[in-house]
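Chemist: Quick one: this structure, given as C-alpha cells, is what I'll be asking you about.
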Amino acid sequence: MFISTLPFRAALAASCALCAFSTAQAQDVSGAVTLGYSSITFDNSNFDANTTSLDGYFDVDFGNGFSIGADVGIQSLDIDGASDRFKTVDAALNGRYRFASGLTLGGYVEATRLDFGPGDTNFSSYGVTLGYATQNWSVEGFIGKTDIDFSNNDLTDYGFLASYKPVAAVTLGGGVIRSEFDGGDEAYTLVRLASIYDISPAFSVFGGFDRLSIDSTDLTDVGIGIGYDLAQFTGRSVILSLEYSQIDLNNSGSNIDIVEFGVTIPLGTGASKVPLNSVAGNVLRSRHSALSGLFDTSIGFF
C-alpha cells in the first residue's frame, strides 16, 4: 500500500536526475514545456472556475536500442467562492529496449498527488510493457498495479496504447486502459483517441476524445483546438494554442465547457507541436492507469 509521498518524491527527483544525465549521454533528445490557463463554465450553475498548469516531458533515445522518457505536470483549480484551491502534481518515468526485430520491452513508474486544501491523497502506478514499433507506427500492451493510500483495495491496470503517423503532417494516437479494484467488481475503463494535423509550418489543428466509464456512469471529454507557431517572428519555435472542450455526464445535456490557452516551447529534435494541456496532448502522453489518466485530463477536476 502506498502510504506516504515517498514514491511520488522519488519519481519526481528521478525525473530531474535522469533529464540531466541523459541529456549529456544521449544521441537524440526531444521534449516540450507548456504553460496553460483555462476558463471553465458549468451549465445550470451560478459559479465558474479556472485552472493554471505547467506541463513538461522529455524523451531520450541513446541510439543503441535503449530509450527513456519522463513527464511532470502541475495543475491548480480555483473555483469561484471556494476558499481552497484543488491541486494535482504528477510525475512519470518509462524506459524500453527495442530489439532489431521491432519488438519492444519496457517498464514504467508513475505517481500522482492530489491536494484538496485541508489534506492530500497520493497514488502510484508501476508495471511492464510489451510492444512492437516501426518508423511510422507503434503499439504497446501493458499490465501493472496502482497503489492508493485512501483505499484498502488497490488496482490492477492493463490495456494498450498505440500511435500512427501515416504522413509527416499527421499523427494519430489512442488506447484503452482498464483498472480493476482488487477483491471487488468495480472498475474504471478509459478510452482515448487523439489526432494532430500540421496544416503548414505555422498552423496546426488537433483534437482529442476521452471516455471514462465507472460501472453505469460515463464521462466524456471532447476537445478541438488550433496552434500557431511564432518561429518566423521569434527565431525559435514558440506555439500559441487555443482549445475548446466539453465534458458531458451520461449524455445528460448538462455540460462543462472549457476554453484552454497554452504557450508551448518544443525542445530538441522531433518534438510534437501539440500543447500538453490539451485533451489531445494528454492522450498522446497517456498514463497507464485509468485512475491517474482521469486526473491527467479535464475530467479529473470534476
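Labels used: A, B, ... for chains in the order of the C-alpha cells, numbers from 1 for residues in each chain, and numbers from 1 for ligands as shown.
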Can you pull out the residues contacting stretch 100-107 of chain A? Cut-off 6 Å, using only C-alpha atoms, and skip same-chain residues under 5 positions away; I want them as a CSV table (one decimal) with all heavy atoms, in the first residue's frame.
Modeler:
chain,number,residue,atom,x,y,z
A,94,ASN,N,9.5,6.2,-17.8
A,94,ASN,CA,9.3,5.0,-18.5
A,94,ASN,C,10.6,4.7,-19.2
A,94,ASN,O,11.4,5.6,-19.6
A,94,ASN,CB,8.2,5.1,-19.5
A,94,ASN,CG,8.4,6.1,-20.6
A,94,ASN,OD1,9.2,5.8,-21.6
A,94,ASN,ND2,7.8,7.3,-20.5
A,95,GLY,N,10.9,3.4,-19.5
A,95,GLY,CA,12.1,3.0,-20.2
A,95,GLY,C,11.7,1.8,-21.0
A,95,GLY,O,10.9,1.0,-20.7
A,127,GLY,N,4.5,-0.9,-13.7
A,127,GLY,CA,4.2,-2.1,-14.5
A,127,GLY,C,5.2,-2.3,-15.6
A,127,GLY,O,6.2,-1.7,-15.7
A,128,VAL,N,4.9,-3.3,-16.4
A,128,VAL,CA,5.7,-3.7,-17.5
A,128,VAL,C,5.0,-3.5,-18.9
A,128,VAL,O,3.8,-3.5,-18.9
A,128,VAL,CB,6.2,-5.1,-17.4
A,128,VAL,CG1,7.1,-5.3,-16.2
A,128,VAL,CG2,5.1,-6.1,-17.3
A,129,THR,N,5.7,-3.3,-19.9
A,129,THR,CA,5.2,-3.1,-21.3
A,129,THR,C,5.8,-4.1,-22.3
A,129,THR,O,7.0,-4.5,-22.1
A,129,THR,CB,5.4,-1.7,-21.8
A,129,THR,OG1,6.8,-1.4,-21.9
A,129,THR,CG2,4.8,-0.7,-20.8
A,130,LEU,N,5.0,-4.4,-23.3
A,130,LEU,CA,5.5,-5.3,-24.4
A,130,LEU,C,4.8,-4.7,-25.7
A,130,LEU,O,3.6,-4.6,-25.7
A,130,LEU,CB,5.1,-6.7,-24.2
A,130,LEU,CG,5.5,-7.7,-25.3
A,130,LEU,CD1,7.1,-7.8,-25.4
A,130,LEU,CD2,4.9,-9.1,-25.1
A,131,GLY,N,5.6,-4.5,-26.7
A,131,GLY,CA,5.1,-3.9,-27.9
A,131,GLY,C,5.8,-4.1,-29.1
A,131,GLY,O,6.8,-4.9,-29.1
A,132,TYR,N,5.4,-3.4,-30.2
A,132,TYR,CA,6.1,-3.5,-31.5
A,132,TYR,C,6.1,-2.1,-32.1
A,132,TYR,O,5.1,-1.4,-32.0
A,132,TYR,CB,5.4,-4.5,-32.4
A,132,TYR,CG,6.2,-4.8,-33.7
A,132,TYR,CD1,7.2,-5.7,-33.7
A,132,TYR,CD2,5.8,-4.1,-34.8
A,132,TYR,CE1,7.9,-5.9,-34.9
A,132,TYR,CE2,6.5,-4.3,-36.0
A,132,TYR,CZ,7.6,-5.2,-36.0
A,132,TYR,OH,8.3,-5.5,-37.2
A,133,ALA,N,7.2,-1.7,-32.7
A,133,ALA,CA,7.4,-0.4,-33.2
A,133,ALA,C,8.1,-0.4,-34.6
A,133,ALA,O,9.0,-1.1,-34.8
A,133,ALA,CB,8.1,0.5,-32.2
Chemist: DSSP on the backbone, strand (DSSP E) only: what residues of stretch 108-220 of chain A does that give? Format it as a PyMOL selection string.
Modeler: chain A and resi 108-115+120-133+137-148+155-164+170-181+187-198+203-214+217-220
Chemist: If you count only C-alpha atoms, which residues fall within 6 Å of A:Phe62, apart from same-chain ones fewer than 2 positions away, as a ChimeraX atom specification?
Modeler: /A:26-27,64,66-67
Chemist: What's the 6 Å shell around A:Ser241, counting only C-alpha atoms, without same-chain residues fewer than 3 positions away, as a ChimeraX atom specification?
Modeler: /A:226-227,261-262
Chemist: How would the residues just picked look written out with N, CA and C atoms as a JSON list (two decimals), in the first residue's frame?
Modeler:
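Saved file result_1.json follows:
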[["chain", "number", "residue", "atom", "x", "y", "z"],
["A", 226, "ILE", "N", -6.53, 24.74, -32.06],
["A", 226, "ILE", "CA", -5.65, 25.21, -33.13],
["A", 226, "ILE", "C", -4.38, 25.79, -32.50],
["A", 227, "GLY", "N", -3.26, 25.60, -33.18],
["A", 227, "GLY", "CA", -1.99, 26.13, -32.70],
["A", 227, "GLY", "C", -1.31, 26.97, -33.77],
["A", 261, "PHE", "N", -6.05, 27.99, -23.01],
["A", 261, "PHE", "CA", -4.99, 28.73, -23.67],
["A", 261, "PHE", "C", -3.66, 28.08, -23.30],
["A", 262, "GLY", "N", -2.71, 28.08, -24.23],
["A", 262, "GLY", "CA", -1.42, 27.47, -23.95],
["A", 262, "GLY", "C", -0.28, 28.14, -24.68]]
Chemist: Which residue is closest to A:Gly223? Choose from A:Ser195, A:Ser200, A:Ser237, A:Asn44 and count only C-alpha atoms.
Modeler: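 Using only C-alpha atoms, A:Gly223 sits closest to A:Ser195.
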Chemist: Nearest to A:Ser272 among A:Ala92, A:Ile258, A:Val170, A:Ile177, with distances taken over only C-alpha atoms: which residue is it?
Modeler: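 That would be A:Val170, the residue with the smallest distance to A:Ser272.
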Chemist: Give me the residues near A:Tyr158 as a list of chain:residue names, where near means some atom within 7 Å (using only C-alpha atoms) and where sequence neighbours in that chain fewer than 3 positions away do not count.
Modeler: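 The filter keeps A:Phe142, A:Ile143, A:Gly144, A:Ile177, A:Arg178, A:Ser179.
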Chemist: From stretch 206-259 of chain A, collect each residue whose DSSP state is helix (DSSP H, G or I) and return the set as a VMD selection string.
Modeler: chain A and resid 231 to 234
Chemist: I'd like the contact shell of A:Thr34 - 10 Å cut-off, only C-alpha atoms, skipping same-chain residues fewer than 2 positions apart - returned as a list in words.
Modeler: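 The contact residues come out as Ala32, Gly36, Tyr37, Ser53, Leu54, Asp55, Gly56, Tyr57, Gly73, Val238, Ile239, Leu240, Ser241, Phe261, Gly262, Val263, Thr264, Ile265, Pro266, Val274, Pro275, Leu276, Asn277 and Ser278 of chain A.
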